[in-house]
Structure formats: C-alpha cells, structure tokens
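This is data-v6.cif. It holds mmCIF, C-alpha atoms.
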```
data_target
#
loop_
_atom_site.label_atom_id
_atom_site.label_comp_id
_atom_site.auth_asym_id
_atom_site.auth_seq_id
_atom_site.Cartn_x
_atom_site.Cartn_y
_atom_site.Cartn_z
CA MET A 92 -83.32 38.31 142.15
CA PHE A 93 -84.68 36.38 139.13
CA ARG A 94 -83.34 39.05 136.79
CA SER A 95 -79.84 38.65 138.23
CA ARG A 96 -79.84 34.90 137.68
CA SER A 97 -81.06 35.34 134.08
CA THR A 98 -78.32 37.85 133.33
CA SER A 99 -75.67 35.52 134.79
CA LYS A 100 -76.84 32.67 132.56
CA ASP A 101 -76.74 34.90 129.49
CA GLU A 102 -73.15 35.96 130.27
CA GLN A 103 -72.06 32.34 130.72
CA ALA A 104 -73.61 31.38 127.35
CA ALA A 105 -71.88 34.28 125.59
CA ALA A 106 -68.55 33.32 127.15
CA ALA A 107 -69.00 29.73 126.02
CA LYS A 108 -69.62 30.90 122.42
CA VAL A 109 -66.45 33.03 122.42
CA THR A 110 -64.42 30.16 123.80
CA ALA A 111 -65.81 27.77 121.20
CA GLY A 112 -64.90 30.19 118.38
CA ARG A 113 -61.25 30.45 119.43
CA PRO A 114 -58.63 28.04 117.85
CA GLU A 115 -57.46 25.16 119.96
CA THR A 116 -54.02 26.22 121.20
CA SER A 117 -53.67 23.99 124.20
CA GLN A 118 -53.53 20.69 122.27
CA GLN A 119 -50.00 21.26 120.86
CA PRO A 120 -47.65 23.00 123.29
CA ARG A 121 -45.21 25.41 121.65
CA ASP A 122 -41.54 25.57 122.39
CA PRO A 123 -41.01 28.75 124.43
CA GLN A 124 -37.80 29.42 122.42
CA ALA A 125 -39.48 28.93 119.02
CA PRO A 126 -40.46 32.08 117.05
CA LYS A 127 -44.09 33.04 117.48
CA GLY A 128 -46.31 31.61 114.77
CA ARG A 129 -43.62 29.17 113.48
CA PRO A 130 -43.37 25.41 114.13
CA THR A 131 -40.53 24.06 116.23
CA PRO A 132 -37.66 22.99 113.90
CA LYS A 133 -36.80 19.31 113.71
CA ARG A 134 -33.71 18.01 115.49
CA SER A 135 -31.87 17.30 112.19
CA GLU A 136 -32.63 20.80 110.89
CA ALA A 137 -31.47 22.35 114.13
CA ASN A 138 -28.23 20.34 114.03
CA SER A 139 -27.63 21.40 110.42
CA GLN A 140 -28.14 25.04 111.35
CA ARG A 141 -25.73 24.73 114.25
CA ARG A 142 -23.08 23.08 112.04
CA ALA A 143 -23.48 25.80 109.41
CA MET A 144 -23.07 28.49 112.06
CA ALA A 145 -20.03 26.68 113.49
CA SER A 146 -18.42 26.39 110.04
CA THR A 147 -18.87 30.08 109.26
CA PRO A 148 -15.60 31.93 109.96
CA ALA A 149 -15.84 34.52 112.69
CA ASN A 150 -13.57 37.05 110.98
CA ARG A 151 -11.35 37.61 107.96
CA LYS A 152 -8.30 36.09 109.64
CA GLU A 153 -10.19 32.88 110.40
CA ALA A 154 -11.52 32.77 106.82
CA ALA A 155 -8.00 33.13 105.39
CA LYS A 156 -6.73 30.39 107.71
CA ARG A 157 -9.46 28.00 106.59
CA ALA A 158 -8.82 28.84 102.94
CA ARG A 159 -5.11 28.01 103.37
CA GLU A 160 -5.99 24.74 105.08
CA THR A 161 -8.39 23.85 102.26
CA ARG A 162 -5.71 24.59 99.65
CA ARG A 163 -3.19 22.51 101.58
CA VAL A 164 -5.56 19.52 101.68
CA ASP A 165 -6.39 19.92 97.98
CA MET A 166 -2.71 20.08 97.02
CA ALA A 167 -1.96 16.96 99.07
CA LYS A 168 -4.77 15.09 97.29
CA GLN A 169 -3.49 16.35 93.94
CA ARG A 170 0.06 15.15 94.62
CA GLU A 171 -1.26 11.74 95.62
CA ALA A 172 -3.43 11.62 92.48
CA LEU A 173 -0.43 12.46 90.27
CA ALA A 174 1.35 9.48 91.78
CA ASN A 175 -1.46 6.91 91.61
CA GLY A 176 -3.58 8.23 88.71
CA ASP A 177 -6.74 8.95 90.73
CA GLU A 178 -8.58 11.24 88.30
CA ARG A 179 -10.87 12.71 90.95
CA TYR A 180 -8.10 14.97 92.19
CA LEU A 181 -5.96 15.43 89.06
CA PRO A 182 -5.35 18.94 87.71
CA VAL A 183 -7.83 20.05 85.05
CA ARG A 184 -5.25 19.72 82.26
CA ASP A 185 -4.80 16.00 83.07
CA LYS A 186 -8.45 15.04 83.56
CA GLY A 187 -10.68 13.13 81.21
CA PRO A 188 -10.51 9.96 79.08
CA VAL A 189 -8.93 11.81 76.14
CA ARG A 190 -5.93 13.01 78.16
CA ARG A 191 -5.61 9.61 79.84
CA PHE A 192 -5.53 7.91 76.44
CA ALA A 193 -2.90 10.39 75.19
CA ARG A 194 -0.71 9.69 78.23
CA ASP A 195 -1.00 5.95 77.81
CA PHE A 196 -0.26 6.25 74.09
CA VAL A 197 3.16 7.82 74.65
CA ASP A 198 3.91 5.87 77.84
CA SER A 199 3.46 2.55 76.07
CA ARG A 200 6.29 3.17 73.59
CA TYR A 201 9.80 4.56 73.40
CA SER A 202 10.42 8.04 72.02
CA VAL A 203 13.65 9.80 71.10
CA ALA A 204 12.53 12.97 72.86
CA GLU A 205 12.57 11.34 76.30
CA PHE A 206 16.34 10.91 75.99
CA PHE A 207 16.84 14.55 75.02
CA LEU A 208 18.06 15.70 78.44
CA PRO A 209 20.77 13.03 78.98
CA LEU A 210 21.88 13.35 75.34
CA ALA A 211 22.09 17.12 75.67
CA VAL A 212 24.27 16.79 78.79
CA LEU A 213 26.51 14.27 77.03
CA ILE A 214 26.91 16.47 73.96
CA LEU A 215 27.63 19.49 76.15
CA ILE A 216 30.43 17.60 77.89
CA LEU A 217 31.87 16.38 74.58
CA SER A 218 31.78 19.90 73.18
CA MET A 219 34.36 20.90 75.80
CA VAL A 220 36.92 18.58 74.20
CA ASN A 221 38.93 20.68 71.77
CA ARG A 222 40.87 18.23 69.60
CA GLY A 223 41.10 18.78 65.88
CA ALA A 224 37.83 18.06 64.07
CA PHE A 225 36.15 16.62 67.18
CA GLN A 226 33.97 19.72 67.56
CA THR A 227 32.59 19.13 64.08
CA TYR A 228 31.54 15.61 65.00
CA VAL A 229 29.91 16.85 68.19
CA LEU A 230 27.91 19.45 66.24
CA LEU A 231 26.88 16.78 63.73
CA ALA A 232 25.73 14.50 66.54
CA TRP A 233 23.68 17.34 68.01
CA MET A 234 21.99 18.01 64.66
CA ILE A 235 21.23 14.30 64.24
CA VAL A 236 19.61 14.17 67.69
CA ILE A 237 17.42 17.20 66.90
CA ALA A 238 16.40 15.72 63.54
CA LEU A 239 15.49 12.36 65.15
CA ILE A 240 13.38 14.10 67.79
CA VAL A 241 11.50 16.09 65.15
CA ILE A 242 10.87 13.06 62.95
CA ASN A 243 9.82 10.86 65.88
CA SER A 244 7.51 13.59 67.20
CA LEU A 245 5.84 13.97 63.81
CA ILE A 246 5.23 10.23 63.58
CA THR A 247 3.90 10.09 67.15
CA GLY A 248 1.64 13.07 66.60
CA ILE A 249 0.13 11.70 63.39
CA SER A 250 -0.39 8.25 64.89
CA LEU A 251 -1.96 9.66 68.05
CA LYS A 252 -4.27 11.96 66.09
CA ARG A 253 -5.51 9.02 64.04
CA ALA A 254 -6.00 6.89 67.16
CA LEU A 255 -7.92 9.69 68.91
CA LYS A 256 -10.30 10.04 65.96
CA GLN A 257 -11.00 6.32 66.04
CA ARG A 258 -11.36 6.10 69.82
CA PHE A 259 -13.20 9.41 70.44
CA PRO A 260 -15.02 10.31 67.22
CA ASP A 261 -17.61 12.53 68.93
CA GLU A 262 -15.44 14.18 71.59
CA ASN A 263 -13.29 17.29 71.59
CA THR A 264 -9.65 16.16 71.30
CA ARG A 265 -8.18 19.61 70.81
CA GLY A 266 -4.81 20.01 72.52
CA ALA A 267 -4.39 16.30 73.26
CA VAL A 268 -1.61 15.78 70.69
CA ALA A 269 0.43 18.75 71.95
CA TYR A 270 -0.16 17.52 75.51
CA ALA A 271 1.22 14.09 74.60
CA LEU A 272 4.24 15.47 72.73
CA MET A 273 5.19 17.64 75.70
CA ARG A 274 5.02 14.51 77.82
CA THR A 275 7.50 12.73 75.51
CA LEU A 276 10.10 15.38 76.36
CA GLN A 277 10.16 14.12 79.95
CA MET A 278 12.01 11.04 81.09
CA ARG A 279 9.56 8.24 81.83
CA ARG A 280 10.25 8.04 85.57
CA LEU A 281 9.82 11.82 85.93
CA ARG A 282 6.47 12.05 84.19
CA LEU A 283 3.42 13.26 86.09
CA PRO A 284 0.87 11.75 86.34
CA LYS A 285 2.90 8.59 86.70
CA PRO A 286 2.69 6.15 83.77
CA GLN A 287 -0.06 3.56 84.28
CA VAL A 288 0.94 1.23 81.41
CA LYS A 289 4.14 -0.64 80.65
CA ARG A 290 6.18 -0.48 77.46
CA GLY A 291 4.48 -2.40 74.70
CA GLU A 292 1.04 -2.43 76.36
CA LYS A 293 -1.97 -0.97 74.64
CA PRO A 294 -3.44 2.25 76.05
CA ARG A 295 -6.30 1.73 78.48
CA GLY A 296 -9.58 1.67 76.60
CA GLU A 297 -8.02 0.79 73.25
CA LYS A 298 -9.46 -2.28 71.60
CA SER A 299 -7.09 -5.18 71.03
#
```
How does the structure come out when it is put into structure tokens?
Amino acid sequence: MFRSRSTSKDEQAAAAKVTAGRPETSQQPRDPQAPKGRPTPKRSEANSQRRAMASTPANRKEAAKRARETRRVDMAKQREALANGDERYLPVRDKGPVRRFARDFVDSRYSVAEFFLPLAVLILILSMVNRGAFQTYVLLAWMIVIALIVINSLITGISLKRALKQRFPDENTRGAVAYALMRTLQMRRLRLPKPQVKRGEKPRGEKS
C-alpha cells in the first residue's frame, strides 16, 4: 500500500517536470485559419492581400480589358495635358524644362513658317489663273515664301541654341532646336501642347 502511494507521487512529479518544460501555448490563442507556426497577419496586411488578389485578372480576356481601360484613361489624361500644359501626363517628347523653354521661345514670337499652310493654299489657287505672265509672278511669290521661311528658321534656330546654352548650360539640349522649328510650322492655335505664353512675353524661366 505504501509502495503504491510512493509510485503515484513519483509519477505526478515527473508529469509536473514535463509540463514545466513545455512552451506556454495557452497564453496567446492562435487563429484557427492561420498557418501553423506563423503569426496571424495584421488587418491592414490582410486587406492589402485581398485587394491585390482582387486586382489580379482572372484570365487573359480580363487582362486585355483592363489594359485597354488603362490605355484609355492614360490617353484621356494626355489629351487634357496637351490642352492645359500639365507636364505630369505629357508625351515623353514634350516633357522637361528644356522642351518647355523651346516651346515658349517660338510661341512668344511670330514666325514666317506658321503662315506656310495658308500661303501655300493661296499660291495654289493663284496658280490656277492662266493669264499671260501671271504664272511667273506666282512662282516668284512661292520662291520668296520658301526663302523667307528658311531665313527665319535659321535665325530662330541660332537664337534658340544660344538661349538654351545660357539657360541650361549643364543639361542635354539635343533635339530641342529641331523640336522648336517643327513647332513653328504649325499655326499657333493648332499647336500641341497649347501655347502657355502670349506674343511678346518672355519664355517661362527666362530671366528678365
């Protein structure tokens, strides 16, 4: 009888030691849905994961639809930027302070090239009149217009190149002069991005 009691006490002591050596798992209850051995994700992380899963297209058709929608939104922002000059959404060829300065440089002054289209239409109409030496005068007028455009473009290009060197001495201005001269070939109200300076004003960023 005494031996049985002694054995029972020894078993209880051994069980207490085993229990004491085990890690405390009852103090922090685990989410039954959480992976075993990993902490329960925070609410913000869980929401982010759900949004990421929701934004992932289910198939190729859905991906193509979302890509078209993204392009449509981007094009709408680009058209609006071309109208109001918001550089965040401008095409790459129009972005940057160098291109903005080049646009303002030609928009702030008159150029012969911007009247090329209406003059060409006028000369074309006059060339249809066949009266004596009138055709010779029309051809002469056409040659004068071309010569004026070339001379004016040379002057504009040289002046702009000099201004760019003064304004942006440490920046790459390659292609800015050609970009500006192509802009002079367009009528002012048809230019994109829309002119942001008036005639006679100094380009934005140029010192007075």
message = I need the output of the PyMOL selection byres ((chain A and resi 194-207) around 8) for this file as a PyMOL selection string; which residues are they?
response = chain A and resi 190-193+208-211+236+239-240+243-244+247+251+271-272+274-279+286-295
ask   = Can you list what the PyMOL selection byres ((chain A and resi 181) around 9) grabs from this structure, as an NGL selection string?
value = :A and (168-173 or 176-180 or 182-186 or 284)
task = List the residues matched by the PyMOL selection byres ((chain A and resi 233) around 12) in the displayed structure as a VMD selection string, ordered by chain and then by residue number.
result = chain A and resid 207 to 208 210 to 218 226 to 232 234 to 240
query = Which one of A:Arg280, A:Arg222, A:Arg157, A:Arg258 sits closest to Pro188 (chain A) if you count only C-alpha atoms?
reply = A:Arg258
request  = Would you work out the distance separating CA of Ile249 (chain A) from CA of Ala269 (chain A), expressed in Å to one decimal?
outcome  =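 Rounded to one decimal, the two atoms are 11.1 Å apart.
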task = One decimal, Å: what's the distance from CA of Ile246 (chain A) over to CA of Met273 (chain A), could you say?
result =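 Answer for the CA of Ile246 (chain A) to CA of Met273 (chain A) separation: 14.2 Å.
Atom pair CA of Ala267 (chain A) / CA of Val189 (chain A): separated by 7.0 Å.
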